[in-house]
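Student: Provided below: final-v4.cif, containing mmCIF, C-alpha atoms and all ligand atoms.
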```
data_input
loop_
_atom_site.label_atom_id
_atom_site.label_comp_id
_atom_site.auth_asym_id
_atom_site.auth_seq_id
_atom_site.Cartn_x
_atom_site.Cartn_y
_atom_site.Cartn_z
CA MET A 100 -3.27 30.10 36.34
CA ASN A 101 -2.14 26.51 36.01
CA LYS A 102 -1.42 25.06 39.49
CA HIS A 103 1.73 23.40 38.09
CA ALA A 104 3.18 26.64 36.71
CA ARG A 105 6.83 27.07 37.68
CA ILE A 106 6.75 30.10 39.93
CA PHE A 107 10.06 31.63 40.97
CA VAL A 108 9.81 33.49 44.28
CA ALA A 109 12.98 35.58 44.42
CA GLY A 110 13.72 36.47 48.03
CA HIS A 111 11.80 33.58 49.60
CA ARG A 112 13.58 33.89 52.94
CA GLY A 113 12.49 37.49 53.43
CA MET A 114 9.25 38.67 54.96
CA VAL A 115 7.50 39.20 51.59
CA GLY A 116 8.94 36.16 49.82
CA SER A 117 8.12 33.79 52.68
CA ALA A 118 4.55 35.13 52.80
CA LEU A 119 4.25 34.49 49.06
CA VAL A 120 5.47 30.92 49.41
CA ARG A 121 2.88 30.32 52.15
CA ARG A 122 0.09 31.95 50.14
CA LEU A 123 0.86 30.16 46.86
CA GLY A 124 1.30 26.82 48.63
CA ALA A 125 -2.05 27.24 50.38
CA ALA A 126 -3.69 27.94 47.00
CA GLY A 127 -2.36 24.64 45.64
CA TYR A 128 0.51 25.86 43.47
CA ASP A 129 2.90 22.92 43.58
CA ASN A 130 5.86 24.05 41.52
CA ILE A 131 7.35 26.92 43.48
CA VAL A 132 11.02 27.52 42.76
CA THR A 133 13.27 29.13 45.37
CA ARG A 134 17.01 29.73 45.58
CA THR A 135 19.03 30.70 48.62
CA LYS A 136 21.49 33.55 48.22
CA ALA A 137 24.35 31.07 48.62
CA ARG A 138 23.08 29.11 45.62
CA LEU A 139 22.03 32.02 43.42
CA ASP A 140 23.38 35.52 44.03
CA LEU A 141 20.86 37.75 42.24
CA THR A 142 23.41 40.58 41.96
CA ASP A 143 25.52 38.24 39.76
CA GLN A 144 24.30 38.78 36.20
CA GLN A 145 25.85 35.63 34.72
CA ALA A 146 24.48 33.43 37.46
CA VAL A 147 20.98 34.91 36.99
CA ASN A 148 21.14 34.44 33.21
CA ARG A 149 22.24 30.83 33.67
CA PHE A 150 19.44 30.16 36.13
CA PHE A 151 16.76 31.48 33.76
CA GLU A 152 18.27 29.61 30.78
CA GLU A 153 18.31 26.30 32.65
CA ASP A 154 15.07 26.53 34.64
CA GLN A 155 11.87 26.97 32.67
CA ILE A 156 10.26 29.65 34.81
CA ASP A 157 6.67 30.68 34.01
CA VAL A 158 6.06 33.38 36.62
CA VAL A 159 8.40 35.53 38.71
CA PHE A 160 7.73 37.30 42.00
CA LEU A 161 10.61 39.73 42.44
CA ALA A 162 10.61 40.08 46.22
CA ALA A 163 14.39 39.98 46.65
CA ALA A 164 15.72 43.33 47.77
CA ARG A 165 18.01 45.08 50.18
CA VAL A 166 15.53 46.65 52.62
CA GLY A 167 15.79 48.46 55.91
CA GLY A 168 14.45 51.16 58.18
CA ILE A 169 15.20 54.84 58.33
CA LEU A 170 18.63 54.48 59.97
CA ALA A 171 20.00 51.81 57.64
CA ASN A 172 18.68 53.67 54.61
CA SER A 173 20.30 56.93 55.56
CA THR A 174 23.67 55.45 56.58
CA MET A 175 24.16 52.86 53.79
CA PRO A 176 22.68 54.50 50.68
CA ALA A 177 25.28 52.95 48.35
CA SER A 178 24.38 49.40 49.37
CA PHE A 179 20.67 50.16 48.94
CA ILE A 180 21.01 51.65 45.47
CA TYR A 181 23.62 49.20 44.15
CA GLU A 182 22.12 45.92 45.35
CA ASN A 183 18.56 46.80 44.38
CA LEU A 184 19.50 48.08 40.92
CA ALA A 185 21.66 45.01 40.27
CA ILE A 186 18.93 42.56 41.34
CA GLU A 187 16.28 44.37 39.28
CA THR A 188 18.28 44.69 36.08
CA ASN A 189 19.47 41.08 36.24
CA VAL A 190 16.14 39.46 37.06
CA ILE A 191 13.86 41.64 34.90
CA HIS A 192 16.09 41.35 31.84
CA ALA A 193 16.59 37.59 32.19
CA ALA A 194 12.86 37.05 32.80
CA CYS A 195 12.11 38.89 29.57
CA ARG A 196 14.67 36.88 27.62
CA SER A 197 13.18 33.63 28.84
CA ASN A 198 9.61 34.69 27.99
CA VAL A 199 8.02 34.35 31.42
CA SER A 200 4.26 34.83 31.26
CA LYS A 201 4.12 37.31 34.16
CA LEU A 202 6.44 39.08 36.59
CA VAL A 203 5.30 40.86 39.73
CA PHE A 204 7.78 43.44 41.00
CA PHE A 205 7.61 44.77 44.56
CA GLY A 206 8.46 48.41 45.22
CA SER A 207 7.60 50.57 48.17
CA SER A 208 5.50 53.60 49.05
CA CYS A 209 8.73 55.58 49.55
CA ILE A 210 9.00 55.93 45.76
CA TYR A 211 6.53 58.82 46.01
CA PRO A 212 7.57 62.46 46.56
CA LYS A 213 8.15 63.65 50.12
CA SER A 214 5.44 66.26 50.02
CA CYS A 215 2.68 64.86 47.93
CA PRO A 216 -1.06 65.19 48.45
CA GLN A 217 -2.53 62.47 50.69
CA PRO A 218 -3.70 59.84 50.12
CA ILE A 219 -1.03 59.16 47.50
CA ARG A 220 -2.22 58.19 44.05
CA GLU A 221 -0.06 56.22 41.62
CA GLU A 222 0.18 59.17 39.24
CA TYR A 223 1.99 61.35 41.83
CA LEU A 224 5.18 59.43 41.02
CA LEU A 225 8.06 61.72 39.97
CA GLN A 226 6.07 64.91 40.48
CA SER A 227 8.56 66.39 42.98
CA ALA A 228 11.60 65.63 45.20
CA LEU A 229 11.93 62.45 47.29
CA GLU A 230 12.33 62.07 51.05
CA PRO A 231 16.14 62.36 51.56
CA THR A 232 16.47 59.61 54.23
CA ASN A 233 15.63 56.84 51.74
CA GLU A 234 16.26 58.48 48.39
CA ALA A 235 18.81 55.90 47.20
CA TYR A 236 16.44 53.01 47.86
CA ALA A 237 13.53 54.89 46.30
CA ILE A 238 15.50 55.68 43.13
CA ALA A 239 16.35 51.98 42.74
CA LYS A 240 12.69 50.99 43.20
CA ILE A 241 11.54 53.65 40.73
CA ALA A 242 14.09 52.26 38.25
CA GLY A 243 12.58 48.79 38.78
CA LEU A 244 9.04 49.86 38.02
CA LYS A 245 10.19 51.95 35.05
CA MET A 246 12.06 48.91 33.73
CA CYS A 247 8.85 46.88 33.97
CA GLU A 248 6.96 49.56 32.02
CA ALA A 249 9.74 49.87 29.42
CA TYR A 250 9.95 46.11 28.84
CA ASN A 251 6.17 45.91 28.52
CA ARG A 252 6.22 48.68 25.94
CA GLN A 253 9.18 47.42 23.92
CA TYR A 254 8.80 43.65 24.24
CA GLY A 255 5.14 43.15 25.11
CA THR A 256 5.96 41.52 28.45
CA HIS A 257 3.47 41.30 31.33
CA PHE A 258 5.40 42.91 34.18
CA VAL A 259 3.26 44.44 36.95
CA SER A 260 4.52 46.55 39.88
CA LEU A 261 3.04 46.56 43.37
CA MET A 262 3.85 49.41 45.76
CA PRO A 263 3.09 48.29 49.32
CA THR A 264 2.91 50.67 52.22
CA ASN A 265 4.95 49.93 55.40
CA LEU A 266 4.82 46.17 55.91
CA TYR A 267 4.92 44.01 59.02
CA GLY A 268 4.34 40.37 59.88
CA PRO A 269 6.10 37.04 60.41
CA ASN A 270 9.81 36.84 59.54
CA ASP A 271 10.33 40.55 60.06
CA ASN A 272 13.73 41.99 60.91
CA TYR A 273 14.07 42.77 64.63
CA ASP A 274 17.62 44.14 64.50
CA LEU A 275 17.23 47.62 65.96
CA THR A 276 19.84 49.22 63.70
CA SER A 277 18.16 48.14 60.46
CA SER A 278 14.53 47.37 61.29
CA HIS A 279 11.39 49.35 60.56
CA VAL A 280 9.40 50.98 63.30
CA LEU A 281 6.80 48.30 64.03
CA PRO A 282 9.17 45.35 64.65
CA ALA A 283 11.58 47.73 66.44
CA LEU A 284 8.87 48.84 68.86
CA ILE A 285 7.69 45.26 69.44
CA ARG A 286 11.18 44.25 70.42
CA LYS A 287 11.87 47.36 72.48
CA ALA A 288 8.56 47.11 74.37
CA HIS A 289 9.08 43.39 75.00
CA GLU A 290 12.57 43.93 76.40
CA ALA A 291 11.44 46.94 78.45
CA LYS A 292 8.67 44.78 79.94
CA LEU A 293 11.13 42.03 80.86
CA ARG A 294 13.50 44.50 82.49
CA GLY A 295 10.68 46.30 84.29
CA ASP A 296 11.66 49.66 82.71
CA ALA A 297 9.57 52.74 83.44
CA THR A 298 9.91 54.15 79.91
CA LEU A 299 10.05 53.12 76.25
CA PRO A 300 12.25 55.19 73.90
CA VAL A 301 10.59 56.05 70.57
CA TRP A 302 12.53 57.77 67.78
CA GLY A 303 11.46 61.14 66.46
CA THR A 304 8.57 63.29 67.64
CA GLY A 305 5.82 60.67 67.42
CA SER A 306 3.84 62.87 65.05
CA PRO A 307 4.66 61.32 61.64
CA ARG A 308 1.80 59.27 60.27
CA ARG A 309 2.27 55.84 58.72
CA GLU A 310 0.04 53.15 57.23
CA PHE A 311 0.76 49.47 58.00
CA LEU A 312 -0.08 46.45 55.88
CA HIS A 313 0.23 42.86 57.06
CA VAL A 314 2.53 40.95 54.71
CA ASP A 315 -0.07 38.20 54.27
CA ASP A 316 -2.37 40.83 52.78
CA LEU A 317 0.39 41.84 50.36
CA ALA A 318 0.95 38.19 49.36
CA ASP A 319 -2.78 37.88 48.80
CA ALA A 320 -2.78 41.00 46.58
CA ALA A 321 0.17 39.63 44.60
CA ALA A 322 -1.55 36.27 44.05
CA PHE A 323 -4.67 38.16 43.00
CA VAL A 324 -2.68 40.14 40.41
CA MET A 325 -0.95 36.99 39.15
CA GLU A 326 -4.30 35.29 38.61
CA SER A 327 -5.96 38.37 37.10
CA SER A 328 -5.82 39.66 33.56
CA VAL A 329 -3.78 42.69 34.70
CA ASN A 330 -0.58 42.69 32.70
CA ASP A 331 0.83 46.17 33.15
CA GLY A 332 0.93 49.10 35.53
CA VAL A 333 1.70 50.23 39.05
CA PHE A 334 -0.68 49.45 41.91
CA ASN A 335 -0.58 50.77 45.46
CA VAL A 336 -1.23 48.16 48.13
CA GLY A 337 -2.33 49.34 51.55
CA VAL A 338 -5.17 49.42 54.01
CA GLY A 339 -6.36 52.96 53.23
CA HIS A 340 -5.88 54.53 56.69
CA ASP A 341 -2.95 55.54 58.86
CA LEU A 342 -2.03 56.45 62.44
CA THR A 343 0.66 58.48 64.19
CA ILE A 344 3.86 56.85 65.46
CA ARG A 345 2.65 57.78 68.96
CA GLU A 346 -0.62 55.88 68.40
CA LEU A 347 1.32 52.98 66.95
CA ALA A 348 3.63 52.89 69.98
CA GLN A 349 0.60 52.93 72.30
CA MET A 350 -0.91 50.00 70.41
CA VAL A 351 2.38 48.07 70.62
CA CYS A 352 2.50 48.65 74.39
CA ARG A 353 -1.06 47.33 74.71
CA VAL A 354 -0.30 44.22 72.63
CA VAL A 355 3.01 43.47 74.37
CA GLY A 356 1.72 44.33 77.85
CA PHE A 357 4.23 47.09 78.62
CA GLU A 358 2.75 49.63 81.00
CA GLY A 359 5.47 52.30 81.19
CA ALA A 360 5.55 55.72 79.52
CA LEU A 361 6.66 56.65 76.01
CA VAL A 362 9.69 58.93 75.70
CA PHE A 363 10.27 60.59 72.33
CA ASP A 364 13.82 61.15 71.09
CA ALA A 365 13.54 64.15 68.78
CA ALA A 366 17.24 63.86 67.91
CA LYS A 367 16.31 60.86 65.72
CA PRO A 368 14.81 61.58 62.28
CA ASP A 369 11.05 61.67 61.70
CA GLY A 370 11.39 61.00 57.99
CA THR A 371 8.50 61.91 55.77
CA PRO A 372 5.56 63.46 57.71
CA ARG A 373 2.88 61.28 56.16
CA LYS A 374 2.71 58.35 53.77
CA LEU A 375 -0.85 57.17 53.19
CA LEU A 376 -1.58 55.36 49.95
CA ASP A 377 -4.68 55.78 47.85
CA VAL A 378 -5.65 52.17 47.25
CA SER A 379 -8.68 52.77 45.06
CA LYS A 380 -7.00 51.46 41.88
CA LEU A 381 -6.52 47.94 43.23
CA GLU A 382 -9.80 48.05 45.18
CA GLY A 383 -11.55 48.99 41.94
CA MET A 384 -10.31 45.70 40.52
CA GLY A 385 -11.81 43.79 43.44
CA TRP A 386 -8.98 43.38 45.97
CA LYS A 387 -9.05 44.72 49.52
CA ALA A 388 -6.83 44.20 52.59
CA SER A 389 -8.48 42.22 55.35
CA ILE A 390 -6.15 42.05 58.38
CA ALA A 391 -6.79 44.73 61.03
CA LEU A 392 -3.64 46.28 62.53
CA GLU A 393 -4.11 45.26 66.16
CA GLU A 394 -5.04 41.70 65.19
CA GLY A 395 -2.03 41.47 62.84
CA MET A 396 0.22 42.96 65.49
CA ARG A 397 -0.87 40.33 68.05
CA ALA A 398 -0.01 37.55 65.58
CA THR A 399 3.31 39.24 64.82
CA TYR A 400 4.15 39.48 68.52
CA ARG A 401 3.47 35.73 68.86
CA ASP A 402 5.82 35.13 65.92
CA PHE A 403 8.44 37.31 67.61
CA LEU A 404 8.11 35.33 70.84
CA ASP A 405 8.46 32.03 68.96
CA ARG A 406 11.52 33.22 67.11
CA CYS A 407 13.24 34.84 70.05
CA ALA A 408 12.84 31.75 72.18
CA SER A 409 16.27 31.17 70.63
CA ALA A 410 17.59 34.32 72.30
CA GLN A 411 20.66 34.62 70.05
CA GLU A 412 18.68 35.68 67.01
CA THR A 413 17.30 38.81 68.56
CA GLY A 414 19.68 39.22 71.45
CA VAL A 415 16.71 39.14 73.82
CA ALA A 416 17.49 37.95 77.32
CA ALA A 417 14.23 36.05 77.71
P1 LIG A 501 10.08 55.07 57.17
O1 LIG A 501 8.60 54.76 57.11
O2 LIG A 501 10.78 54.89 55.87
O3 LIG A 501 10.34 56.45 57.77
O4 LIG A 501 10.78 53.98 58.09
P2 LIG A 501 10.72 53.47 59.61
O5 LIG A 501 9.72 52.40 59.75
O6 LIG A 501 12.12 53.11 59.97
O7 LIG A 501 10.31 54.74 60.50
C1 LIG A 501 9.01 55.22 60.57
C2 LIG A 501 8.88 56.27 61.67
O8 LIG A 501 8.95 55.63 62.96
C3 LIG A 501 9.98 57.35 61.67
O9 LIG A 501 9.37 58.58 61.99
C4 LIG A 501 10.88 56.89 62.81
O10 LIG A 501 11.64 57.94 63.40
C5 LIG A 501 9.85 56.33 63.80
N1 LIG A 501 10.39 55.43 64.81
C6 LIG A 501 10.14 55.50 66.15
N2 LIG A 501 10.83 54.59 66.82
C7 LIG A 501 11.52 53.86 65.90
C8 LIG A 501 12.43 52.77 66.00
O11 LIG A 501 12.74 52.26 67.08
N3 LIG A 501 12.92 52.27 64.83
C9 LIG A 501 12.58 52.82 63.61
N4 LIG A 501 13.10 52.26 62.50
N5 LIG A 501 11.75 53.88 63.50
C10 LIG A 501 11.24 54.41 64.63
#
```
Take the structure in this file and express it as structure tokens.
Tutor:
Amino acid sequence: MNKHARIFVAGHRGMVGSALVRRLGAAGYDNIVTRTKARLDLTDQQAVNRFFEEDQIDVVFLAAARVGGILANSTMPASFIYENLAIETNVIHAACRSNVSKLVFFGSSCIYPKSCPQPIREEYLLQSALEPTNEAYAIAKIAGLKMCEAYNRQYGTHFVSLMPTNLYGPNDNYDLTSSHVLPALIRKAHEAKLRGDATLPVWGTGSPRREFLHVDDLADAAAFVMESSVNDGVFNVGVGHDLTIRELAQMVCRVVGFEGALVFDAAKPDGTPRKLLDVSKLEGMGWKASIALEEGMRATYRDFLDRCASAQETGVAA
């Protein structure tokens, strides 16, 4: 790939988009195009069409999305389905019309059925019902990857879909009402440590199993796909092993230095019991994750501490 290619990273302020900008910049790509939401609202079809007509974009990373944890997903399903469908239809269609050479679309492991065999292979998609807590989001992401496949088939485009497992890393969302479990536990354990609490509340039973991928690994996989000859298809991106929420919470306590006890709140939803991706398809092409969870978590905690030095952002009384 030409280092001067005009690469549009949609969603560059988010955790995935910002990791992509870092990764592409480090690899010497010098023509990365970004737009803030204030300047380009990706749910506005006319604005997106205008942007693609005026800017000669070569490659698109579609990392803009409405995302959130189990609570936000189950309480705001309309926002999740509407915003994600709008962004996908606008960007994918406009990218096709302007003949971009490649588009990488980011989905999520929650596109797979609730009760599917583990580890989850790409072909299990649409084999049975989805997990209800994030069905609206999952349907929108499935629509995105099906759009990519349909455009490839009808127009010969090169649109590739990556399905990452649960992500974490710098620039994560630490708002407890909308965050995912790993940043939520980092913040909760940090605050519990500062207050000298005896216990740390953890949602659900602690028994669900989840797999966690550092966002820098995802950005690396996406750059790998961009530079490869892969022009079509869906690829899981993960580390290939998982742990229980209880084990995750114990690791967070170790990293943060909180020594109290875990208390499980079974009134909160567990969500899907297990979500481990089979990553052999991408590994077979030569890509593998390299950041170990505890090491990535330590770096993420440092990022959290840097960012919450300005206490307003996270509400932490540091
Ligand atoms: P999911 O992977 O789509 O279910 O999304 P989450 O990352 O939000 O939740 C993963 C699991 O962690 C679920 O079983 C949650 O109940 C559990 N969990 C435990 N404590 C928390 C918390 O403080 N926040 C969130 N979001 N999940 C938590």
Student: Counting all atoms listed in the file, what is within 7 Å of stretch 287-298 of chain A, bar same-chain residues fewer than 3 positions away, as a ChimeraX atom specification?
Tutor: /A:283-284,352,355,357,359-362,415
Student: Counting only C-alpha atoms and all ligand atoms, what are the residues, protein, DNA or RNA alike, that approach ligand LIG 501 (chain A) to within 6 Å? I want them as a list in words.
Tutor: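 Written in the requested form, the residues are Gly168, Ile169, Ser278, His279, Val280, Ala283, Leu284, Val301, Trp302, Gly303, Pro307, Ile344, Lys367, Pro368, Asp369 and Gly370 of chain A.
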Student: Pick from A:Val199, A:Met384, A:Leu184, A:Leu281: nearest to A:Thr399, with all atoms listed in the file counted?
Tutor: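 Smallest distance to A:Thr399 is found for A:Leu281.
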Student: Which of these residues is nearest to A:Pro231, using all atoms listed in the file: A:Thr264, A:Asn189, A:Thr371, A:Gln144?
Tutor: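 Comparing A:Thr264, A:Asn189, A:Thr371, A:Gln144 against A:Pro231, the winner is A:Thr371.
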Student: Tell me which of A:Ile131, A:Ala228, A:Val378, A:Cys195 sits closest to A:Gln253, counting all atoms listed in the file.
Tutor: A:Cys195
Student: Show which residues sit within 12 Å of A:Gly116, as a PyMOL selection string. Count all atoms listed in the file, and ignore same-chain residues fewer than 2 positions away.
Tutor: chain A and resi 106-114+118-123+131-135+159-164+203-205+268-271+314-315+317-319+321-322
Student: Restrict the selected residues to C-alpha atoms and save them as a PDB file, in the coordinates of the input.
Tutor:
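File written: part-v8.pdb
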```pdb
ATOM      1  CA  ILE A 106       6.750  30.100  39.930  1.00  0.00           C
ATOM      2  CA  PHE A 107      10.060  31.630  40.970  1.00  0.00           C
ATOM      3  CA  VAL A 108       9.810  33.490  44.280  1.00  0.00           C
ATOM      4  CA  ALA A 109      12.980  35.580  44.420  1.00  0.00           C
ATOM      5  CA  GLY A 110      13.720  36.470  48.030  1.00  0.00           C
ATOM      6  CA  HIS A 111      11.800  33.580  49.600  1.00  0.00           C
ATOM      7  CA  ARG A 112      13.580  33.890  52.940  1.00  0.00           C
ATOM      8  CA  GLY A 113      12.490  37.490  53.430  1.00  0.00           C
ATOM      9  CA  MET A 114       9.250  38.670  54.960  1.00  0.00           C
ATOM     10  CA  ALA A 118       4.550  35.130  52.800  1.00  0.00           C
ATOM     11  CA  LEU A 119       4.250  34.490  49.060  1.00  0.00           C
ATOM     12  CA  VAL A 120       5.470  30.920  49.410  1.00  0.00           C
ATOM     13  CA  ARG A 121       2.880  30.320  52.150  1.00  0.00           C
ATOM     14  CA  ARG A 122       0.090  31.950  50.140  1.00  0.00           C
ATOM     15  CA  LEU A 123       0.860  30.160  46.860  1.00  0.00           C
ATOM     16  CA  ILE A 131       7.350  26.920  43.480  1.00  0.00           C
ATOM     17  CA  VAL A 132      11.020  27.520  42.760  1.00  0.00           C
ATOM     18  CA  THR A 133      13.270  29.130  45.370  1.00  0.00           C
ATOM     19  CA  ARG A 134      17.010  29.730  45.580  1.00  0.00           C
ATOM     20  CA  THR A 135      19.030  30.700  48.620  1.00  0.00           C
ATOM     21  CA  VAL A 159       8.400  35.530  38.710  1.00  0.00           C
ATOM     22  CA  PHE A 160       7.730  37.300  42.000  1.00  0.00           C
ATOM     23  CA  LEU A 161      10.610  39.730  42.440  1.00  0.00           C
ATOM     24  CA  ALA A 162      10.610  40.080  46.220  1.00  0.00           C
ATOM     25  CA  ALA A 163      14.390  39.980  46.650  1.00  0.00           C
ATOM     26  CA  ALA A 164      15.720  43.330  47.770  1.00  0.00           C
ATOM     27  CA  VAL A 203       5.300  40.860  39.730  1.00  0.00           C
ATOM     28  CA  PHE A 204       7.780  43.440  41.000  1.00  0.00           C
ATOM     29  CA  PHE A 205       7.610  44.770  44.560  1.00  0.00           C
ATOM     30  CA  GLY A 268       4.340  40.370  59.880  1.00  0.00           C
ATOM     31  CA  PRO A 269       6.100  37.040  60.410  1.00  0.00           C
ATOM     32  CA  ASN A 270       9.810  36.840  59.540  1.00  0.00           C
ATOM     33  CA  ASP A 271      10.330  40.550  60.060  1.00  0.00           C
ATOM     34  CA  VAL A 314       2.530  40.950  54.710  1.00  0.00           C
ATOM     35  CA  ASP A 315      -0.070  38.200  54.270  1.00  0.00           C
ATOM     36  CA  LEU A 317       0.390  41.840  50.360  1.00  0.00           C
ATOM     37  CA  ALA A 318       0.950  38.190  49.360  1.00  0.00           C
ATOM     38  CA  ASP A 319      -2.780  37.880  48.800  1.00  0.00           C
ATOM     39  CA  ALA A 321       0.170  39.630  44.600  1.00  0.00           C
ATOM     40  CA  ALA A 322      -1.550  36.270  44.050  1.00  0.00           C
TER      41      ALA A 322
END
```
Student: Pick the closest to A:Tyr250 from A:His192, A:His313, A:His340, A:Lys213: which is it, counting all atoms listed in the file?
Tutor: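 Result for the nearest residue to A:Tyr250: A:His192.
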Student: Rounded to one decimal, what separation in Å do you get between atom CA of A:Tyr223 and atom CA of A:Tyr211?
Tutor: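 Between atom CA of A:Tyr223 and atom CA of A:Tyr211 the gap is 6.7 Å.
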Student: Every residue with an atom at most 8 Å from (-2.0, 48.8, 45.6) (file coordinates; only C-alpha atoms) is what I'm after, so could you write them as a tab-separated table (two decimals) with C-alpha atoms, in the frame of the given file?
Tutor:
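Okay, this is what ended up in result14.tsv:
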```tsv
chain	number	residue	atom	x	y	z
A	261	LEU	CA	3.04	46.56	43.37
A	262	MET	CA	3.85	49.41	45.76
A	263	PRO	CA	3.09	48.29	49.32
A	320	ALA	CA	-2.78	41.00	46.58
A	333	VAL	CA	1.70	50.23	39.05
A	334	PHE	CA	-0.68	49.45	41.91
A	335	ASN	CA	-0.58	50.77	45.46
A	336	VAL	CA	-1.23	48.16	48.13
A	337	GLY	CA	-2.33	49.34	51.55
A	376	LEU	CA	-1.58	55.36	49.95
A	377	ASP	CA	-4.68	55.78	47.85
A	378	VAL	CA	-5.65	52.17	47.25
A	379	SER	CA	-8.68	52.77	45.06
A	380	LYS	CA	-7.00	51.46	41.88
A	381	LEU	CA	-6.52	47.94	43.23
A	382	GLU	CA	-9.80	48.05	45.18
```
Student: Quick one: residues within 8 Å of A:Phe151, only C-alpha atoms, excluding same-chain residues fewer than 5 positions away - as a ChimeraX atom specification?
Tutor: /A:156,193-194,197
Student: In Å to one decimal, how far is atom CA of A:Met246 from atom CA of A:Ala104?
Tutor: 24.2 Å
Student: I need stretch 106-127 of chain A written out with C-alpha atoms, as an mmCIF file, in the first residue's frame; please produce it.
Tutor:
```cif
data_model
loop_
_atom_site.group_PDB
_atom_site.id
_atom_site.type_symbol
_atom_site.label_atom_id
_atom_site.label_comp_id
_atom_site.auth_asym_id
_atom_site.auth_seq_id
_atom_site.Cartn_x
_atom_site.Cartn_y
_atom_site.Cartn_z
ATOM 1 C CA ILE A 106 -6.934 6.835 4.318
ATOM 2 C CA PHE A 107 -10.186 7.903 5.947
ATOM 3 C CA VAL A 108 -10.440 6.731 9.558
ATOM 4 C CA ALA A 109 -14.114 7.176 10.428
ATOM 5 C CA GLY A 110 -14.475 7.418 14.194
ATOM 6 C CA HIS A 111 -10.923 8.579 14.905
ATOM 7 C CA ARG A 112 -11.785 9.883 18.366
ATOM 8 C CA GLY A 113 -13.038 6.515 19.563
ATOM 9 C CA MET A 114 -10.960 3.742 21.039
ATOM 10 C CA VAL A 115 -10.635 1.810 17.749
ATOM 11 C CA GLY A 116 -10.249 4.821 15.464
ATOM 12 C CA SER A 117 -7.597 6.455 17.634
ATOM 13 C CA ALA A 118 -5.649 3.171 17.759
ATOM 14 C CA LEU A 119 -5.799 3.008 13.960
ATOM 15 C CA VAL A 120 -4.497 6.547 13.599
ATOM 16 C CA ARG A 121 -1.581 5.685 15.911
ATOM 17 C CA ARG A 122 -0.846 2.425 14.090
ATOM 18 C CA LEU A 123 -1.023 3.874 10.571
ATOM 19 C CA GLY A 124 1.034 6.911 11.567
ATOM 20 C CA ALA A 125 3.707 4.673 13.084
ATOM 21 C CA ALA A 126 3.843 2.686 9.828
ATOM 22 C CA GLY A 127 4.553 5.872 7.874
#
```
